[in-house]
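One file, upload_31.cif, carrying mmCIF, C-alpha atoms; chains and numbers go by the auth columns:
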data_coords
#
loop_
_atom_site.group_PDB
_atom_site.id
_atom_site.type_symbol
_atom_site.label_atom_id
_atom_site.label_comp_id
_atom_site.label_asym_id
_atom_site.label_seq_id
_atom_site.Cartn_x
_atom_site.Cartn_y
_atom_site.Cartn_z
_atom_site.B_iso_or_equiv
_atom_site.auth_seq_id
_atom_site.auth_asym_id
ATOM 1 C CA MET A 1 52.303 36.379 -36.480 0.00 1 Q
ATOM 2 C CA MET A 2 49.357 38.645 -37.170 0.00 2 Q
ATOM 3 C CA PRO A 3 46.397 40.062 -35.216 0.00 3 Q
ATOM 4 C CA LEU A 4 43.161 38.082 -35.119 0.00 4 Q
ATOM 5 C CA THR A 5 41.486 40.900 -37.092 0.00 5 Q
ATOM 6 C CA PHE A 6 43.355 39.734 -40.225 0.00 6 Q
ATOM 7 C CA ALA A 7 42.303 36.074 -39.941 0.00 7 Q
ATOM 8 C CA ASP A 8 40.220 34.520 -42.699 0.00 8 Q
ATOM 9 C CA ASN A 9 36.664 33.524 -41.844 0.00 9 Q
ATOM 10 C CA ASP A 10 36.219 29.831 -40.955 0.00 10 Q
ATOM 11 C CA ALA A 11 39.979 29.153 -40.772 0.00 11 Q
ATOM 12 C CA VAL A 12 41.162 27.581 -37.511 0.00 12 Q
ATOM 13 C CA ASN A 13 44.175 29.429 -36.089 0.00 13 Q
ATOM 14 C CA ILE A 14 46.440 28.869 -33.091 0.00 14 Q
ATOM 15 C CA ILE A 15 46.771 31.693 -30.570 0.00 15 Q
ATOM 16 C CA ARG A 16 50.457 32.667 -30.364 0.00 16 Q
ATOM 17 C CA ARG A 17 50.316 35.634 -27.961 0.00 17 Q
ATOM 18 C CA VAL A 18 47.794 37.686 -26.006 0.00 18 Q
ATOM 19 C CA GLY A 19 48.749 41.333 -25.496 0.00 19 Q
ATOM 20 C CA GLY A 20 47.436 44.280 -23.559 0.00 20 Q
ATOM 21 C CA THR A 21 47.477 45.314 -19.930 0.00 21 Q
ATOM 22 C CA PRO A 22 47.487 42.588 -17.260 0.00 22 Q
ATOM 23 C CA GLU A 23 43.749 43.198 -16.723 0.00 23 Q
ATOM 24 C CA VAL A 24 42.983 42.789 -20.433 0.00 24 Q
ATOM 25 C CA LYS A 25 45.119 39.639 -20.651 0.00 25 Q
ATOM 26 C CA LYS A 26 43.328 38.120 -17.651 0.00 26 Q
ATOM 27 C CA HIS A 27 39.905 39.003 -19.129 0.00 27 Q
ATOM 28 C CA LEU A 28 40.775 37.389 -22.472 0.00 28 Q
ATOM 29 C CA GLU A 29 42.176 34.308 -20.722 0.00 29 Q
ATOM 30 C CA ASN A 30 38.934 33.992 -18.743 0.00 30 Q
ATOM 31 C CA LEU A 31 37.049 34.020 -22.058 0.00 31 Q
ATOM 32 C CA GLY A 32 39.232 31.163 -23.332 0.00 32 Q
ATOM 33 C CA PHE A 33 41.895 33.008 -25.351 0.00 33 Q
ATOM 34 C CA VAL A 34 45.015 31.188 -24.123 0.00 34 Q
ATOM 35 C CA VAL A 35 48.348 30.694 -25.873 0.00 35 Q
ATOM 36 C CA GLY A 36 48.320 27.443 -27.824 0.00 36 Q
ATOM 37 C CA GLY A 37 44.513 27.337 -28.026 0.00 37 Q
ATOM 38 C CA ASN A 38 42.505 27.279 -31.242 0.00 38 Q
ATOM 39 C CA VAL A 39 40.378 30.188 -32.420 0.00 39 Q
ATOM 40 C CA GLN A 40 38.126 30.423 -35.477 0.00 40 Q
ATOM 41 C CA VAL A 41 36.608 33.632 -36.840 0.00 41 Q
ATOM 42 C CA ILE A 42 32.936 33.009 -37.596 0.00 42 Q
ATOM 43 C CA SER A 43 31.947 36.466 -38.855 0.00 43 Q
ATOM 44 C CA ARG A 44 32.465 40.192 -38.532 0.00 44 Q
ATOM 45 C CA LEU A 45 29.623 42.551 -37.714 0.00 45 Q
ATOM 46 C CA GLY A 46 29.885 46.299 -37.238 0.00 46 Q
ATOM 47 C CA GLY A 47 33.504 46.245 -36.113 0.00 47 Q
ATOM 48 C CA ASN A 48 32.944 43.323 -33.754 0.00 48 Q
ATOM 49 C CA VAL A 49 34.426 39.899 -34.398 0.00 49 Q
ATOM 50 C CA ILE A 50 32.483 36.734 -33.619 0.00 50 Q
ATOM 51 C CA VAL A 51 34.810 33.843 -32.865 0.00 51 Q
ATOM 52 C CA ASN A 52 34.590 30.219 -31.871 0.00 52 Q
ATOM 53 C CA VAL A 53 36.947 29.480 -28.976 0.00 53 Q
ATOM 54 C CA LYS A 54 36.817 26.420 -26.719 0.00 54 Q
ATOM 55 C CA GLU A 55 33.518 25.305 -28.281 0.00 55 Q
ATOM 56 C CA SER A 56 31.839 28.647 -27.463 0.00 56 Q
ATOM 57 C CA ARG A 57 30.892 31.560 -29.677 0.00 57 Q
ATOM 58 C CA ILE A 58 32.068 34.893 -28.342 0.00 58 Q
ATOM 59 C CA ALA A 59 31.755 38.408 -29.741 0.00 59 Q
ATOM 60 C CA ILE A 60 34.712 40.678 -29.053 0.00 60 Q
ATOM 61 C CA SER A 61 35.477 44.198 -30.188 0.00 61 Q
ATOM 62 C CA GLU A 62 37.934 44.868 -32.977 0.00 62 Q
ATOM 63 C CA GLU A 63 40.211 46.520 -30.404 0.00 63 Q
ATOM 64 C CA MET A 64 40.323 43.316 -28.335 0.00 64 Q
ATOM 65 C CA ALA A 65 40.824 41.189 -31.466 0.00 65 Q
ATOM 66 C CA ARG A 66 43.911 43.269 -32.308 0.00 66 Q
ATOM 67 C CA LYS A 67 45.483 42.179 -29.021 0.00 67 Q
ATOM 68 C CA ILE A 68 45.220 38.480 -29.911 0.00 68 Q
ATOM 69 C CA MET A 69 48.085 37.357 -32.146 0.00 69 Q
ATOM 70 C CA ILE A 70 47.794 34.234 -34.302 0.00 70 Q
#

Could you write out this file's structure as structure tokens?
Amino acid sequence: MMPLTFADNDAVNIIRRVGGTPEVKKHLENLGFVVGGNVQVISRLGGNVIVNVKESRIAISEEMARKIMI
């Protein structure tokens, strides 16, 4: 397992765990980051990570990406 920040661009990964406080976990789940779901890093820009999750493109901070384990 490794944080989403270490994922290769364009590789599809399976979300293994979502960490953080209960509020952070709920926020990430609402965005589509659920255990067992697929996530693909599209690009990185200024510390932010742009990902494709549940057929949507979402930009999250590097801090949030560190809480998502693949």

Item to check | Spatial neighbours of Gly20 (chain Q), max dist 7 Å, only C-alpha atoms, sep filter under 3 positions, as a ChimeraX atom specification | outcome: /Q:24-25,67

Next on the checklist: What would the selection look like, as a list of chain:residue names, if the PyMOL selection byres ((chain Q and resi 46-60) around 10) were run on the coordinates I just shared?
Outcome noted: Q:Leu4, Q:Thr5, Q:Asn9, Q:Asp10, Q:Val12, Q:Leu28, Q:Leu31, Q:Gly32, Q:Phe33, Q:Val34, Q:Gly37, Q:Asn38, Q:Val39, Q:Gln40, Q:Val41, Q:Ile42, Q:Ser43, Q:Arg44, Q:Leu45, Q:Ser61, Q:Glu62, Q:Glu63, Q:Met64, Q:Ala65

Checklist entry - What is the distance between CA of Ala11 (chain Q) and CA of Glu23 (chain Q), in Å to one decimal? => result 28.1 Å

Checklist entry - How many Å lie between CA of Gly19 (chain Q) and CA of Met2 (chain Q), rounded to one decimal? => result 12.0 Å

Next on the checklist: Residue by residue, what does the PyMOL selection byres ((chain Q and resi 70) around 7) grab here? Present the result as a PyMOL selection string.
Outcome noted: chain Q and resi 1-4+13-17+68-69

Kindly list the centre and edge lengths in Å, rounded to one decimal, for the axis-aligned box that covers all listed atoms of region 10-15 of chain Q plus 3 Å on each of its six sides, as JSON.
{"center_x": 41.5, "center_y": 29.6, "center_z": -35.8, "size_x": 16.6, "size_y": 10.1, "size_z": 16.4}

Missing atoms of region 23-38 of chain Q rebuilt to N, CA, C and O atoms, written as a compact mmCIF listing (two decimals), keeping the file's coordinate frame:
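Once everything was written out, this is rebuild.txt:
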# COMPACT_ATOMS: atom_id res chain seq x y z
N GLU Q 23 45.19 43.37 -16.89
CA GLU Q 23 43.75 43.20 -16.72
C GLU Q 23 43.11 42.68 -18.00
O GLU Q 23 42.25 41.79 -17.97
N VAL Q 24 43.52 43.22 -19.14
CA VAL Q 24 42.98 42.79 -20.43
C VAL Q 24 43.39 41.34 -20.71
O VAL Q 24 42.57 40.53 -21.14
N LYS Q 25 44.65 41.01 -20.45
CA LYS Q 25 45.12 39.64 -20.65
C LYS Q 25 44.30 38.66 -19.82
O LYS Q 25 43.89 37.61 -20.30
N LYS Q 26 44.08 39.00 -18.54
CA LYS Q 26 43.33 38.12 -17.65
C LYS Q 26 41.89 37.96 -18.15
O LYS Q 26 41.34 36.86 -18.14
N HIS Q 27 41.28 39.06 -18.61
CA HIS Q 27 39.90 39.00 -19.13
C HIS Q 27 39.83 38.08 -20.35
O HIS Q 27 38.93 37.24 -20.44
N LEU Q 28 40.77 38.23 -21.28
CA LEU Q 28 40.78 37.39 -22.47
C LEU Q 28 41.04 35.93 -22.12
O LEU Q 28 40.43 35.03 -22.70
N GLU Q 29 41.93 35.68 -21.16
CA GLU Q 29 42.18 34.31 -20.72
C GLU Q 29 40.92 33.69 -20.11
O GLU Q 29 40.63 32.52 -20.33
N ASN Q 30 40.18 34.48 -19.34
CA ASN Q 30 38.93 33.99 -18.74
C ASN Q 30 37.90 33.64 -19.81
O ASN Q 30 37.06 32.77 -19.60
N LEU Q 31 37.96 34.32 -20.96
CA LEU Q 31 37.05 34.02 -22.06
C LEU Q 31 37.50 32.79 -22.85
O LEU Q 31 36.74 32.27 -23.66
N GLY Q 32 38.74 32.35 -22.64
CA GLY Q 32 39.23 31.16 -23.33
C GLY Q 32 40.35 31.43 -24.32
O GLY Q 32 40.81 30.51 -24.99
N PHE Q 33 40.81 32.67 -24.42
CA PHE Q 33 41.90 33.01 -25.35
C PHE Q 33 43.23 32.77 -24.65
O PHE Q 33 43.77 33.66 -24.02
N VAL Q 34 43.75 31.54 -24.76
CA VAL Q 34 45.02 31.19 -24.12
C VAL Q 34 46.02 30.78 -25.20
O VAL Q 34 45.65 30.25 -26.25
N VAL Q 35 47.28 31.03 -24.93
CA VAL Q 35 48.35 30.69 -25.87
C VAL Q 35 48.33 29.19 -26.13
O VAL Q 35 48.23 28.39 -25.22
N GLY Q 36 48.36 28.84 -27.42
CA GLY Q 36 48.32 27.44 -27.82
C GLY Q 36 46.91 26.95 -28.13
O GLY Q 36 46.74 25.88 -28.69
N GLY Q 37 45.90 27.73 -27.76
CA GLY Q 37 44.51 27.34 -28.03
C GLY Q 37 44.10 27.66 -29.46
O GLY Q 37 44.74 28.45 -30.14
N ASN Q 38 43.03 27.04 -29.90
CA ASN Q 38 42.50 27.28 -31.24
C ASN Q 38 41.44 28.36 -31.20
O ASN Q 38 40.66 28.45 -30.26
